[in-house]
Amino acid sequence: MITVRIPTPLRPMTGGKGEVEATGGSVLELIDHLNGAHPGLKDRICDEQGEVRRFINIYVNEEDIRFLTGKETPLKDGDEVSIVPAIAGGSHG
Amino acid sequence: MISIPATIWDDMIAHARELDPHECCGVLAGKDGVISAQYRITNILASMTEDELTTFFEKGKLSDLKNLSPDERADIAFIMDTMEFSSAVKDIRQKELTLPIFYHSHTSSPARPSETDIKKAMDFETMREKLNFPEPRHLIISLEEKSHPVIRAYHIQNSLSTEVPVQRQ
Ligand SMILES: [Zn+2]
């Protein structure tokens with residue numbers, strides 16, 4: 001099993017859970033499996049071409065998958081995957 | 001007290017002025033209370049599509065932003081380019097620095113965190129410990145008075161912000 005950490009903005013799609021378990025041999029497979037359990041989640045993480053959205057960082061353990069092999073990054077039992085939205089903010093409310 | 005070298009302090013103001021009326025953003029790092037590295041990061045908000053915005057912002061902020069042109073959206077908010085951010089984090093780790101500060105500008109409001117700033121900082125807070133990322137401080141450059149930029153930094157915790165003194169050195 002792989003532990004997936006869900007950021008606050010996506011928790012409405014996982015019934016409020018900040019951590020869910022899933023399986024998958026790669027990040028892409030994991031996202032597909034997550035989407036099976038939580039329909040719509042993939043859309044929030046990937047664009048229409050299936051690429052990870054440019055304002056989402058995915059970390060396997062502590063490493064950004066962009067420095068590994070992207071969405072093809074292999075996963076093994078016990079890995080921890082974190083989905084982290086870009087640093088953001090605003091003014092005027 | 002966090003000390004920021006004059007070159008970095010002045011470059012943050014220059015960065016804010018270059019992008020005005022858009023918000024600028026970036027990352028600082030250092031150790032033992034002294035900043036030694038600065039990374040300008042691209043604010044990707046103006047280049048984001050409505051579809052992308054919808055997947056990123058909560059409804060309240062979203063309706064504010066959707067009423068604006070893409071260009072105007074970057075006047076009231078920022079989103080850091082994730083690739084540039086991750087490269088900065090990698091460099092910070094290689095240089096064995098810590099003391100991360102996320103900075104951004106407010107081009108027409110005071111140098112204090114907005115509701116969105118606090119909300120987004122708290123969202124990051126729920127993720128960062130597990131990623132072994134040190135607790136950041138948040139610095140704002142206000143260009144509300146164009147000829148008198150104001151810089152203030154904050155510690156945001158439990159949805160409250162407390163000012164952290166910073167000095168130009
Ligand atoms: Zn702000």
# chains A, B, ... in the order shown; residues from 1 in each chain; ligands from 1
call {"tool": "interface_residues", "arguments": {"of": "chain A", "to": "chain B", "cutoff": "6 Å", "atoms": "only C-alpha atoms", "output": "list in words"}}
result
Thr8, Arg44, Phe55, Glu62, Ala86, Ile87, Ala88, Gly89, Gly90, Ser91 and Gly93 of chain A
call {"tool": "write_last_selection", "arguments": {"atoms": "N, CA and C atoms", "output": "PDB file, in the first residue's frame"}}
result
ATOM      1  N   THR A   8      -5.429  20.267   1.673  1.00  0.00           N
ATOM      2  CA  THR A   8      -6.733  20.770   2.134  1.00  0.00           C
ATOM      3  C   THR A   8      -7.726  21.030   0.992  1.00  0.00           C
ATOM      4  N   ARG A  44      -8.261  17.263 -11.041  1.00  0.00           N
ATOM      5  CA  ARG A  44      -7.696  18.338 -10.234  1.00  0.00           C
ATOM      6  C   ARG A  44      -6.171  18.279 -10.234  1.00  0.00           C
ATOM      7  N   PHE A  55       0.687  23.777 -11.456  1.00  0.00           N
ATOM      8  CA  PHE A  55       0.618  24.373 -10.121  1.00  0.00           C
ATOM      9  C   PHE A  55       0.431  23.301  -9.044  1.00  0.00           C
ATOM     10  N   GLU A  62      10.367  12.402  -0.082  1.00  0.00           N
ATOM     11  CA  GLU A  62      10.618  13.855   0.007  1.00  0.00           C
ATOM     12  C   GLU A  62      11.074  14.452  -1.311  1.00  0.00           C
ATOM     13  N   ALA A  86       0.930  24.589  -5.452  1.00  0.00           N
ATOM     14  CA  ALA A  86       1.958  25.627  -5.476  1.00  0.00           C
ATOM     15  C   ALA A  86       1.761  26.619  -4.335  1.00  0.00           C
ATOM     16  N   ILE A  87       2.861  27.233  -3.927  1.00  0.00           N
ATOM     17  CA  ILE A  87       2.806  28.314  -2.940  1.00  0.00           C
ATOM     18  C   ILE A  87       2.025  29.461  -3.585  1.00  0.00           C
ATOM     19  N   ALA A  88       1.045  29.963  -2.857  1.00  0.00           N
ATOM     20  CA  ALA A  88       0.192  30.996  -3.442  1.00  0.00           C
ATOM     21  C   ALA A  88      -0.307  31.938  -2.371  1.00  0.00           C
ATOM     22  N   GLY A  89      -0.893  33.020  -2.815  1.00  0.00           N
ATOM     23  CA  GLY A  89      -1.490  33.977  -1.882  1.00  0.00           C
ATOM     24  C   GLY A  89      -2.133  35.083  -2.682  1.00  0.00           C
ATOM     25  N   GLY A  90      -2.502  36.122  -1.972  1.00  0.00           N
ATOM     26  CA  GLY A  90      -3.142  37.209  -2.676  1.00  0.00           C
ATOM     27  C   GLY A  90      -3.206  38.437  -1.797  1.00  0.00           C
ATOM     28  N   SER A  91      -3.882  39.420  -2.289  1.00  0.00           N
ATOM     29  CA  SER A  91      -4.143  40.604  -1.472  1.00  0.00           C
ATOM     30  C   SER A  91      -5.633  40.873  -1.621  1.00  0.00           C
ATOM     31  N   GLY A  93      -8.266  40.405   0.384  1.00  0.00           N
ATOM     32  CA  GLY A  93      -9.158  39.338   0.824  1.00  0.00           C
ATOM     33  C   GLY A  93      -8.734  37.968   0.396  1.00  0.00           C
TER      34      GLY A  93
END
call {"tool": "residues_around", "arguments": {"residues": "range 165-167 of chain B", "least_positions_apart": "3", "cutoff": "7 Å", "atoms": "only C-alpha atoms", "output": "list in words"}}
result
Met1, Ile2, Ser3, Ile4, Arg152 and Ala153 of chain B
call {"tool": "write_last_selection", "arguments": {"atoms": "all heavy atoms", "output": "PDB file, in the first residue's frame"}}
result
ATOM      1  N   MET B   1      15.040  38.345  15.289  1.00  0.00           N
ATOM      2  CA  MET B   1      15.376  39.285  14.201  1.00  0.00           C
ATOM      3  C   MET B   1      16.026  38.532  13.034  1.00  0.00           C
ATOM      4  O   MET B   1      16.952  37.766  13.226  1.00  0.00           O
ATOM      5  CB  MET B   1      16.334  40.356  14.745  1.00  0.00           C
ATOM      6  CG  MET B   1      16.868  41.321  13.694  1.00  0.00           C
ATOM      7  SD  MET B   1      15.622  42.477  13.081  1.00  0.00           S
ATOM      8  CE  MET B   1      15.526  43.665  14.414  1.00  0.00           C
ATOM      9  N   ILE B   2      15.520  38.766  11.836  1.00  0.00           N
ATOM     10  CA  ILE B   2      16.137  38.163  10.648  1.00  0.00           C
ATOM     11  C   ILE B   2      16.840  39.283   9.868  1.00  0.00           C
ATOM     12  O   ILE B   2      16.233  40.312   9.576  1.00  0.00           O
ATOM     13  CB  ILE B   2      15.074  37.479   9.758  1.00  0.00           C
ATOM     14  CG1 ILE B   2      14.348  36.368  10.542  1.00  0.00           C
ATOM     15  CG2 ILE B   2      15.717  36.927   8.491  1.00  0.00           C
ATOM     16  CD1 ILE B   2      13.185  35.734   9.801  1.00  0.00           C
ATOM     17  N   SER B   3      18.118  39.079   9.575  1.00  0.00           N
ATOM     18  CA  SER B   3      18.879  40.076   8.809  1.00  0.00           C
ATOM     19  C   SER B   3      18.873  39.724   7.331  1.00  0.00           C
ATOM     20  O   SER B   3      19.119  38.572   6.969  1.00  0.00           O
ATOM     21  CB  SER B   3      20.330  40.115   9.277  1.00  0.00           C
ATOM     22  OG  SER B   3      20.382  40.666  10.563  1.00  0.00           O
ATOM     23  N   ILE B   4      18.593  40.739   6.532  1.00  0.00           N
ATOM     24  CA  ILE B   4      18.575  40.536   5.078  1.00  0.00           C
ATOM     25  C   ILE B   4      19.618  41.477   4.474  1.00  0.00           C
ATOM     26  O   ILE B   4      19.546  42.692   4.680  1.00  0.00           O
ATOM     27  CB  ILE B   4      17.168  40.824   4.516  1.00  0.00           C
ATOM     28  CG1 ILE B   4      16.129  39.914   5.193  1.00  0.00           C
ATOM     29  CG2 ILE B   4      17.157  40.658   2.990  1.00  0.00           C
ATOM     30  CD1 ILE B   4      14.696  40.132   4.752  1.00  0.00           C
ATOM     31  N   ARG B 152       7.579  43.825   5.487  1.00  0.00           N
ATOM     32  CA  ARG B 152       7.326  43.220   6.798  1.00  0.00           C
ATOM     33  C   ARG B 152       7.253  41.707   6.634  1.00  0.00           C
ATOM     34  O   ARG B 152       6.838  41.209   5.583  1.00  0.00           O
ATOM     35  CB  ARG B 152       5.996  43.706   7.377  1.00  0.00           C
ATOM     36  CG  ARG B 152       6.018  45.152   7.828  1.00  0.00           C
ATOM     37  CD  ARG B 152       4.750  45.439   8.649  1.00  0.00           C
ATOM     38  NE  ARG B 152       4.343  46.818   8.542  1.00  0.00           N
ATOM     39  CZ  ARG B 152       4.966  47.829   9.152  1.00  0.00           C
ATOM     40  NH1 ARG B 152       6.039  47.604   9.879  1.00  0.00           N
ATOM     41  NH2 ARG B 152       4.522  49.060   9.005  1.00  0.00           N
ATOM     42  N   ALA B 153       7.638  41.008   7.718  1.00  0.00           N
ATOM     43  CA  ALA B 153       7.602  39.541   7.655  1.00  0.00           C
ATOM     44  C   ALA B 153       6.740  38.995   8.786  1.00  0.00           C
ATOM     45  O   ALA B 153       6.560  39.652   9.823  1.00  0.00           O
ATOM     46  CB  ALA B 153       9.012  38.983   7.757  1.00  0.00           C
TER      47      ALA B 153
END
call {"tool": "residues_around", "arguments": {"residues": "range 16-32 of chain A", "least_positions_apart": "5", "cutoff": "6 Å", "atoms": "only C-alpha atoms", "output": "list in words"}}
result
Met1, Ile2, Thr3, Val4, Arg5, Ile6, Arg11, Lys71, Glu72, Thr73, Pro74 and Leu75 of chain A
call {"tool": "residues_around", "arguments": {"residues": "Tyr154 in chain B", "least_positions_apart": "5", "cutoff": "6 Å", "atoms": "only C-alpha atoms", "output": "PDB file with all heavy atoms, in the first residue's frame"}}
result
ATOM      1  N   ARG B 137       8.740  31.560   6.965  1.00  0.00           N
ATOM      2  CA  ARG B 137       8.168  32.842   7.340  1.00  0.00           C
ATOM      3  C   ARG B 137       7.669  33.462   6.033  1.00  0.00           C
ATOM      4  O   ARG B 137       8.091  33.062   4.952  1.00  0.00           O
ATOM      5  CB  ARG B 137       9.221  33.755   7.992  1.00  0.00           C
ATOM      6  CG  ARG B 137       9.802  33.187   9.277  1.00  0.00           C
ATOM      7  CD  ARG B 137       8.744  33.051  10.369  1.00  0.00           C
ATOM      8  NE  ARG B 137       9.297  32.594  11.635  1.00  0.00           N
ATOM      9  CZ  ARG B 137       9.294  31.330  12.060  1.00  0.00           C
ATOM     10  NH1 ARG B 137       8.776  30.376  11.292  1.00  0.00           N
ATOM     11  NH2 ARG B 137       9.792  31.003  13.235  1.00  0.00           N
ATOM     12  N   HIS B 138       6.775  34.435   6.164  1.00  0.00           N
ATOM     13  CA  HIS B 138       6.165  35.034   4.974  1.00  0.00           C
ATOM     14  C   HIS B 138       6.476  36.519   4.969  1.00  0.00           C
ATOM     15  O   HIS B 138       6.206  37.207   5.952  1.00  0.00           O
ATOM     16  CB  HIS B 138       4.659  34.783   4.999  1.00  0.00           C
ATOM     17  CG  HIS B 138       4.325  33.319   4.976  1.00  0.00           C
ATOM     18  ND1 HIS B 138       4.071  32.636   3.819  1.00  0.00           N
ATOM     19  CD2 HIS B 138       4.273  32.401   5.980  1.00  0.00           C
ATOM     20  CE1 HIS B 138       3.854  31.356   4.105  1.00  0.00           C
ATOM     21  NE2 HIS B 138       3.965  31.186   5.410  1.00  0.00           N
ATOM     22  N   SER B 161      -1.397  35.538  12.141  1.00  0.00           N
ATOM     23  CA  SER B 161      -0.067  35.972  11.733  1.00  0.00           C
ATOM     24  C   SER B 161       0.539  36.866  12.803  1.00  0.00           C
ATOM     25  O   SER B 161      -0.142  37.715  13.390  1.00  0.00           O
ATOM     26  CB  SER B 161      -0.140  36.705  10.398  1.00  0.00           C
ATOM     27  OG  SER B 161      -0.920  37.859  10.519  1.00  0.00           O
ATOM     28  N   THR B 162       1.804  36.637  13.087  1.00  0.00           N
ATOM     29  CA  THR B 162       2.544  37.435  14.071  1.00  0.00           C
ATOM     30  C   THR B 162       3.727  38.034  13.338  1.00  0.00           C
ATOM     31  O   THR B 162       4.436  37.322  12.622  1.00  0.00           O
ATOM     32  CB  THR B 162       3.109  36.518  15.185  1.00  0.00           C
ATOM     33  OG1 THR B 162       2.097  35.601  15.566  1.00  0.00           O
ATOM     34  CG2 THR B 162       3.557  37.325  16.383  1.00  0.00           C
ATOM     35  N   GLU B 163       3.937  39.332  13.542  1.00  0.00           N
ATOM     36  CA  GLU B 163       5.042  39.962  12.831  1.00  0.00           C
ATOM     37  C   GLU B 163       6.391  39.469  13.371  1.00  0.00           C
ATOM     38  O   GLU B 163       6.556  39.269  14.570  1.00  0.00           O
ATOM     39  CB  GLU B 163       4.956  41.492  12.922  1.00  0.00           C
ATOM     40  CG  GLU B 163       5.931  42.132  11.955  1.00  0.00           C
ATOM     41  CD  GLU B 163       5.762  43.640  11.788  1.00  0.00           C
ATOM     42  OE1 GLU B 163       4.756  44.212  12.261  1.00  0.00           O
ATOM     43  OE2 GLU B 163       6.661  44.235  11.175  1.00  0.00           O
ATOM     44  N   VAL B 164       7.322  39.251  12.458  1.00  0.00           N
ATOM     45  CA  VAL B 164       8.682  38.837  12.791  1.00  0.00           C
ATOM     46  C   VAL B 164       9.587  39.981  12.350  1.00  0.00           C
ATOM     47  O   VAL B 164       9.530  40.378  11.185  1.00  0.00           O
ATOM     48  CB  VAL B 164       9.069  37.569  11.982  1.00  0.00           C
ATOM     49  CG1 VAL B 164      10.502  37.169  12.261  1.00  0.00           C
ATOM     50  CG2 VAL B 164       8.113  36.432  12.252  1.00  0.00           C
TER      51      VAL B 164
END
call {"tool": "select_by_dssp", "arguments": {"residues": "chain A", "states": "strand (DSSP E)", "output": "tab-separated table (two decimals) with all heavy atoms, in the first residue's frame"}}
result
chain	number	residue	atom	x	y	z
A	2	ILE	N	0.36	2.28	-0.65
A	2	ILE	CA	1.06	3.56	-0.69
A	2	ILE	C	0.18	4.59	0.02
A	2	ILE	O	-1.03	4.63	-0.20
A	2	ILE	CB	1.33	3.95	-2.16
A	2	ILE	CG1	2.39	2.97	-2.72
A	2	ILE	CG2	1.80	5.39	-2.28
A	2	ILE	CD1	2.28	2.74	-4.18
A	3	THR	N	0.79	5.38	0.88
A	3	THR	CA	0.05	6.42	1.58
A	3	THR	C	0.08	7.68	0.73
A	3	THR	O	1.15	8.10	0.27
A	3	THR	CB	0.71	6.71	2.95
A	3	THR	OG1	0.76	5.47	3.66
A	3	THR	CG2	-0.08	7.73	3.75
A	4	VAL	N	-1.08	8.26	0.52
A	4	VAL	CA	-1.15	9.48	-0.29
A	4	VAL	C	-1.65	10.62	0.59
A	4	VAL	O	-2.71	10.50	1.22
A	4	VAL	CB	-2.11	9.31	-1.49
A	4	VAL	CG1	-2.04	10.51	-2.41
A	4	VAL	CG2	-1.78	8.03	-2.26
A	5	ARG	N	-0.90	11.70	0.63
A	5	ARG	CA	-1.31	12.87	1.42
A	5	ARG	C	-2.05	13.85	0.52
A	5	ARG	O	-1.55	14.27	-0.53
A	5	ARG	CB	-0.09	13.57	2.01
A	5	ARG	CG	0.63	12.65	2.94
A	5	ARG	CD	1.33	13.40	4.04
A	5	ARG	NE	1.95	12.38	4.86
A	5	ARG	CZ	3.14	11.83	4.56
A	5	ARG	NH1	3.84	12.28	3.55
A	5	ARG	NH2	3.61	10.88	5.30
A	19	GLU	N	-5.26	11.79	4.44
A	19	GLU	CA	-4.40	10.68	4.00
A	19	GLU	C	-5.28	9.56	3.51
A	19	GLU	O	-6.25	9.21	4.18
A	19	GLU	CB	-3.55	10.15	5.16
A	19	GLU	CG	-2.25	10.88	5.31
A	19	GLU	CD	-1.31	10.22	6.34
A	19	GLU	OE1	-1.55	9.05	6.72
A	19	GLU	OE2	-0.36	10.89	6.74
A	20	VAL	N	-4.95	9.02	2.35
A	20	VAL	CA	-5.66	7.85	1.87
A	20	VAL	C	-4.63	6.82	1.42
A	20	VAL	O	-3.47	7.15	1.21
A	20	VAL	CB	-6.64	8.19	0.70
A	20	VAL	CG1	-7.72	9.16	1.16
A	20	VAL	CG2	-5.89	8.76	-0.50
A	21	GLU	N	-5.06	5.59	1.32
A	21	GLU	CA	-4.16	4.54	0.87
A	21	GLU	C	-4.55	4.16	-0.55
A	21	GLU	O	-5.73	4.21	-0.90
A	21	GLU	CB	-4.32	3.30	1.75
A	21	GLU	CG	-4.12	3.57	3.21
A	21	GLU	CD	-2.80	3.02	3.71
A	21	GLU	OE1	-2.71	1.80	3.86
A	21	GLU	OE2	-1.86	3.83	3.91
A	22	ALA	N	-3.56	3.82	-1.35
A	22	ALA	CA	-3.86	3.39	-2.72
A	22	ALA	C	-2.73	2.49	-3.19
A	22	ALA	O	-1.71	2.35	-2.52
A	22	ALA	CB	-4.01	4.60	-3.63
A	56	ILE	N	0.76	22.05	-9.42
A	56	ILE	CA	0.72	20.95	-8.45
A	56	ILE	C	2.11	20.31	-8.40
A	56	ILE	O	2.70	20.03	-9.45
A	56	ILE	CB	-0.30	19.86	-8.88
A	56	ILE	CG1	-1.73	20.40	-8.93
A	56	ILE	CG2	-0.19	18.63	-7.98
A	56	ILE	CD1	-2.47	20.49	-7.62
A	57	ASN	N	2.62	20.13	-7.21
A	57	ASN	CA	3.86	19.36	-7.01
A	57	ASN	C	3.48	18.01	-6.45
A	57	ASN	O	2.65	17.94	-5.53
A	57	ASN	CB	4.76	20.05	-5.98
A	57	ASN	CG	5.68	21.08	-6.59
A	57	ASN	OD1	6.24	20.88	-7.67
A	57	ASN	ND2	5.84	22.19	-5.91
A	58	ILE	N	4.10	16.97	-7.00
A	58	ILE	CA	3.91	15.65	-6.40
A	58	ILE	C	5.27	15.17	-5.89
A	58	ILE	O	6.27	15.23	-6.62
A	58	ILE	CB	3.32	14.64	-7.41
A	58	ILE	CG1	1.94	15.13	-7.86
A	58	ILE	CG2	3.24	13.24	-6.80
A	58	ILE	CD1	1.22	14.21	-8.81
A	59	TYR	N	5.28	14.79	-4.63
A	59	TYR	CA	6.51	14.31	-4.03
A	59	TYR	C	6.36	12.83	-3.72
A	59	TYR	O	5.33	12.41	-3.21
A	59	TYR	CB	6.81	15.03	-2.72
A	59	TYR	CG	7.07	16.51	-2.87
A	59	TYR	CD1	6.01	17.43	-2.91
A	59	TYR	CD2	8.37	17.00	-2.96
A	59	TYR	CE1	6.25	18.79	-3.05
A	59	TYR	CE2	8.61	18.36	-3.10
A	59	TYR	CZ	7.55	19.24	-3.14
A	59	TYR	OH	7.79	20.59	-3.28
A	60	VAL	N	7.40	12.06	-4.06
A	60	VAL	CA	7.46	10.68	-3.61
A	60	VAL	C	8.46	10.69	-2.46
A	60	VAL	O	9.62	11.08	-2.66
A	60	VAL	CB	7.90	9.72	-4.74
A	60	VAL	CG1	8.13	8.32	-4.17
A	60	VAL	CG2	6.85	9.67	-5.84
A	63	GLU	N	11.02	13.65	-2.38
A	63	GLU	CA	11.57	14.15	-3.66
A	63	GLU	C	10.47	14.50	-4.65
A	63	GLU	O	9.53	13.74	-4.85
A	63	GLU	CB	12.50	13.08	-4.25
A	63	GLU	CG	13.28	13.51	-5.48
A	63	GLU	CD	14.38	14.55	-5.22
A	63	GLU	OE1	15.51	14.15	-4.87
A	63	GLU	OE2	14.09	15.76	-5.36
A	64	ASP	N	10.60	15.68	-5.28
A	64	ASP	CA	9.69	16.12	-6.33
A	64	ASP	C	9.82	15.16	-7.53
A	64	ASP	O	10.94	14.91	-7.98
A	64	ASP	CB	10.10	17.55	-6.74
A	64	ASP	CG	9.08	18.18	-7.68
A	64	ASP	OD1	8.52	17.48	-8.55
A	64	ASP	OD2	8.88	19.40	-7.56
A	80	GLU	N	5.47	7.03	0.31
A	80	GLU	CA	4.51	8.08	0.68
A	80	GLU	C	4.49	9.12	-0.43
A	80	GLU	O	5.54	9.62	-0.82
A	80	GLU	CB	4.92	8.72	2.00
A	80	GLU	CG	4.93	7.70	3.13
A	80	GLU	CD	5.29	8.30	4.47
A	80	GLU	OE1	6.08	9.27	4.51
A	80	GLU	OE2	4.78	7.79	5.48
A	81	VAL	N	3.31	9.39	-0.91
A	81	VAL	CA	3.16	10.36	-2.00
A	81	VAL	C	2.41	11.57	-1.46
A	81	VAL	O	1.37	11.42	-0.82
A	81	VAL	CB	2.40	9.71	-3.18
A	81	VAL	CG1	2.04	10.74	-4.25
A	81	VAL	CG2	3.23	8.58	-3.80
A	82	SER	N	2.95	12.77	-1.70
A	82	SER	CA	2.28	13.99	-1.25
A	82	SER	C	1.89	14.84	-2.45
A	82	SER	O	2.72	15.06	-3.35
A	82	SER	CB	3.19	14.82	-0.34
A	82	SER	OG	3.61	14.07	0.77
A	83	ILE	N	0.67	15.29	-2.46
A	83	ILE	CA	0.18	16.17	-3.52
A	83	ILE	C	0.15	17.57	-2.92
A	83	ILE	O	-0.61	17.82	-1.97
A	83	ILE	CB	-1.23	15.73	-3.97
A	83	ILE	CG1	-1.17	14.29	-4.49
A	83	ILE	CG2	-1.78	16.68	-5.05
A	83	ILE	CD1	-2.53	13.63	-4.62
A	84	VAL	N	0.99	18.45	-3.44
A	84	VAL	CA	1.14	19.76	-2.80
A	84	VAL	C	0.89	20.89	-3.80
A	84	VAL	O	1.64	21.04	-4.76
A	84	VAL	CB	2.57	19.91	-2.19
A	84	VAL	CG1	2.69	21.22	-1.43
A	84	VAL	CG2	2.89	18.73	-1.28
A	85	PRO	N	-0.16	21.68	-3.58
A	85	PRO	CA	-0.40	22.82	-4.49
A	85	PRO	C	0.73	23.84	-4.38
A	85	PRO	O	1.40	23.94	-3.35
A	85	PRO	CB	-1.71	23.43	-3.96
A	85	PRO	CG	-2.30	22.40	-3.06
A	85	PRO	CD	-1.16	21.59	-2.52
A	88	ALA	N	1.05	29.96	-2.86
A	88	ALA	CA	0.19	31.00	-3.44
A	88	ALA	C	-0.31	31.94	-2.37
A	88	ALA	O	-0.14	31.70	-1.17
A	88	ALA	CB	-1.00	30.33	-4.15
A	89	GLY	N	-0.89	33.02	-2.82
A	89	GLY	CA	-1.49	33.98	-1.88
A	89	GLY	C	-2.13	35.08	-2.68
A	89	GLY	O	-2.28	34.98	-3.90
A	90	GLY	N	-2.50	36.12	-1.97
A	90	GLY	CA	-3.14	37.21	-2.68
A	90	GLY	C	-3.21	38.44	-1.80
A	90	GLY	O	-2.64	38.47	-0.71
call {"tool": "closest_residue", "arguments": {"among": "B:His22, B:Lys95, B:Lys66, B:Arg168", "to": "ligand 1", "atoms": "only C-alpha atoms and all ligand atoms"}}
result
B:His22
